[in-house]
Each structure stands twice: as C-alpha cells, then as structure tokens.
Amino acid sequence: MGEAPAHAPGAGGGVMRAVSTVVLVVSLLTYVSVHVVLLVRLGRIRGVKGVLLPLLYPPLAPLWAYDASFKREAWLWVGSLVGYAVGVALASL
C-alpha cells in the first residue's frame, strides 16, 4: 500500500530532458553553421551550382566538401547530424 510506483514523476526525468535539450540545440546549431560554411566554401570553388544543389539536397555538401579537401568540415557536418539524431532519440525516451 505504501510503495511508490516504479516510475514516479520527477525521478530524474528533468535531468534527461535537460541533457537531450542541450544535445539537440548544440548539434543543430553546429549542423546549420557548418552547412553554411560549406556552402560558402563550395560556392567559391564550384560557383552557383556549389551552393544551390547542396541547399536542395543537403547530403551533397559533405560529399563535395570531402572531395574538395575540406575533410574536417565534412566530418563535423556528419558528426553534428549524428549528434542531432542522438538528441532526438534521447528526447523520445
């Protein structure tokens, strides 16, 4: 009769929510920032095509960046997208 339910409200849920929010915000801001940087750098190399196509189909940005020797930025783009996916998964728990 006096036992608490297994998942009592407020039993650490606030910490998980805060962590998932921070992961989501940081990874999304990183993703958008890196994408803009890649668009600018690809625009200098490939012209208008280097900006418009990655805007319409975002996975082209890290592929073309990797080919253009922007390896660090390409991996940062991929890592921030993975971080965002992890944040979404944490938020759904």
# chains A, B, ... in the order shown; residues from 1 in each chain; ligands from 1
>>> residues_around(residues="Ala89 of chain A", least_positions_apart="6", cutoff="12 Å", atoms="only C-alpha atoms", output="PyMOL selection string")
chain A and resi 16-17+19-21+23-24+82-83
>>> write_last_selection(atoms="N, CA and C atoms", output="CSV table (one decimal), in the first residue's frame")
chain,number,residue,atom,x,y,z
A,16,MET,N,17.4,14.2,-17.7
A,16,MET,CA,17.4,13.6,-19.0
A,16,MET,C,16.8,14.6,-20.0
A,17,ARG,N,15.8,15.3,-19.7
A,17,ARG,CA,15.2,16.3,-20.6
A,17,ARG,C,16.2,17.4,-20.8
A,19,VAL,N,19.5,17.3,-20.6
A,19,VAL,CA,20.6,16.8,-21.4
A,19,VAL,C,20.2,16.6,-22.9
A,20,SER,N,19.0,16.1,-23.1
A,20,SER,CA,18.6,15.9,-24.5
A,20,SER,C,18.3,17.3,-25.2
A,21,THR,N,17.9,18.3,-24.4
A,21,THR,CA,17.7,19.6,-25.0
A,21,THR,C,19.0,20.2,-25.4
A,23,VAL,N,21.8,18.7,-26.1
A,23,VAL,CA,22.4,17.9,-27.2
A,23,VAL,C,21.7,18.4,-28.5
A,24,LEU,N,20.4,18.5,-28.5
A,24,LEU,CA,19.6,18.9,-29.6
A,24,LEU,C,20.0,20.3,-30.1
A,82,VAL,N,24.7,13.3,-36.7
A,82,VAL,CA,24.6,12.1,-35.8
A,82,VAL,C,24.2,12.6,-34.4
A,83,GLY,N,24.8,13.6,-33.9
A,83,GLY,CA,24.5,14.2,-32.6
A,83,GLY,C,23.1,14.6,-32.5
>>> residues_around(residues="Leu28 of chain A", least_positions_apart="4", cutoff="7 Å", atoms="only C-alpha atoms", output="PyMOL selection string")
chain A and resi 24+32+80+84
>>> write_last_selection(atoms="C-alpha atoms", output="PDB file, in the first residue's frame")
ATOM      1  CA  LEU A  24      19.621  18.926 -29.642  1.00  0.00           C
ATOM      2  CA  VAL A  32      23.484  24.698 -39.545  1.00  0.00           C
ATOM      3  CA  SER A  80      26.600  17.102 -35.859  1.00  0.00           C
ATOM      4  CA  TYR A  84      21.142  15.599 -33.563  1.00  0.00           C
TER       5      TYR A  84
END
>>> atom_distance(atom1="atom CA of Trp77 of chain A", atom2="atom CA of Tyr31 of chain A")
5.7 Å
>>> residues_around(residues="Val78 of chain A", least_positions_apart="3", cutoff="12 Å", atoms="only C-alpha atoms", output="ChimeraX atom specification")
/A:27-28,30-32,34-35,58-63,65-66,71-75,81-85
>>> select_by_dssp(residues="chain A", states="alpha helix (DSSP H)", output="PyMOL selection string")
chain A and resi 13-46+49-56+60-67+71-91
>>> write_last_selection(atoms="C-alpha atoms", output="compact mmCIF listing (two decimals), in the first residue's frame")
# COMPACT_ATOMS: atom_id res chain seq x y z
CA GLY A 13 13.31 12.94 -15.74
CA GLY A 14 14.29 16.59 -15.58
CA VAL A 15 17.98 15.79 -15.95
CA MET A 16 17.39 13.60 -19.02
CA ARG A 17 15.20 16.27 -20.57
CA ALA A 18 17.85 18.94 -19.96
CA VAL A 19 20.60 16.76 -21.43
CA SER A 20 18.57 15.93 -24.53
CA THR A 21 17.67 19.60 -25.00
CA VAL A 22 21.31 20.67 -24.78
CA VAL A 23 22.38 17.93 -27.20
CA LEU A 24 19.62 18.93 -29.64
CA VAL A 25 20.38 22.64 -29.53
CA VAL A 26 24.17 22.33 -29.75
CA SER A 27 24.11 19.75 -32.52
CA LEU A 28 21.51 21.63 -34.58
CA LEU A 29 23.40 24.92 -34.28
CA THR A 30 26.63 23.15 -35.23
CA TYR A 31 24.95 21.46 -38.19
CA VAL A 32 23.48 24.70 -39.54
CA SER A 33 26.72 26.63 -39.01
CA VAL A 34 28.89 24.01 -40.70
CA HIS A 35 26.41 23.72 -43.56
CA VAL A 36 26.58 27.49 -44.17
CA VAL A 37 30.39 27.41 -44.04
CA LEU A 38 30.43 24.54 -46.53
CA LEU A 39 28.05 26.38 -48.85
CA VAL A 40 30.29 29.45 -48.85
CA ARG A 41 33.46 27.43 -49.44
CA LEU A 42 31.84 25.27 -52.12
CA GLY A 43 30.42 28.38 -53.77
CA ARG A 44 33.94 29.74 -54.14
CA ILE A 45 35.10 26.54 -55.82
CA ARG A 46 32.05 25.36 -57.79
CA LYS A 49 25.99 25.05 -58.61
CA GLY A 50 28.08 24.52 -55.45
CA VAL A 51 25.54 26.49 -53.43
CA LEU A 52 22.16 25.65 -54.96
CA LEU A 53 22.44 21.88 -55.19
CA PRO A 54 23.56 21.35 -51.56
CA LEU A 55 20.73 23.66 -50.49
CA LEU A 56 18.22 21.45 -52.28
CA LEU A 60 25.85 16.80 -51.22
CA ALA A 61 27.57 19.37 -49.00
CA PRO A 62 29.80 16.97 -47.04
CA LEU A 63 30.40 14.76 -50.09
CA TRP A 64 31.59 17.65 -52.23
CA ALA A 65 33.47 19.16 -49.30
CA TYR A 66 35.34 15.90 -48.73
CA ASP A 67 36.25 15.79 -52.42
CA LYS A 71 37.65 16.84 -44.68
CA ARG A 72 37.42 18.35 -41.20
CA GLU A 73 34.28 20.32 -42.07
CA ALA A 74 32.72 17.32 -43.81
CA TRP A 75 33.23 15.11 -40.74
CA LEU A 76 31.95 17.88 -38.47
CA TRP A 77 28.78 18.09 -40.62
CA VAL A 78 28.25 14.33 -40.34
CA GLY A 79 29.03 14.30 -36.60
CA SER A 80 26.60 17.10 -35.86
CA LEU A 81 23.86 15.30 -37.79
CA VAL A 82 24.56 12.12 -35.79
CA GLY A 83 24.51 14.19 -32.59
CA TYR A 84 21.14 15.60 -33.56
CA ALA A 85 19.80 12.09 -34.19
CA VAL A 86 21.04 11.01 -30.75
CA GLY A 87 19.37 14.08 -29.21
CA VAL A 88 16.08 13.20 -30.88
CA ALA A 89 16.38 9.62 -29.63
CA LEU A 90 17.09 10.83 -26.09
CA ALA A 91 14.14 13.22 -26.22
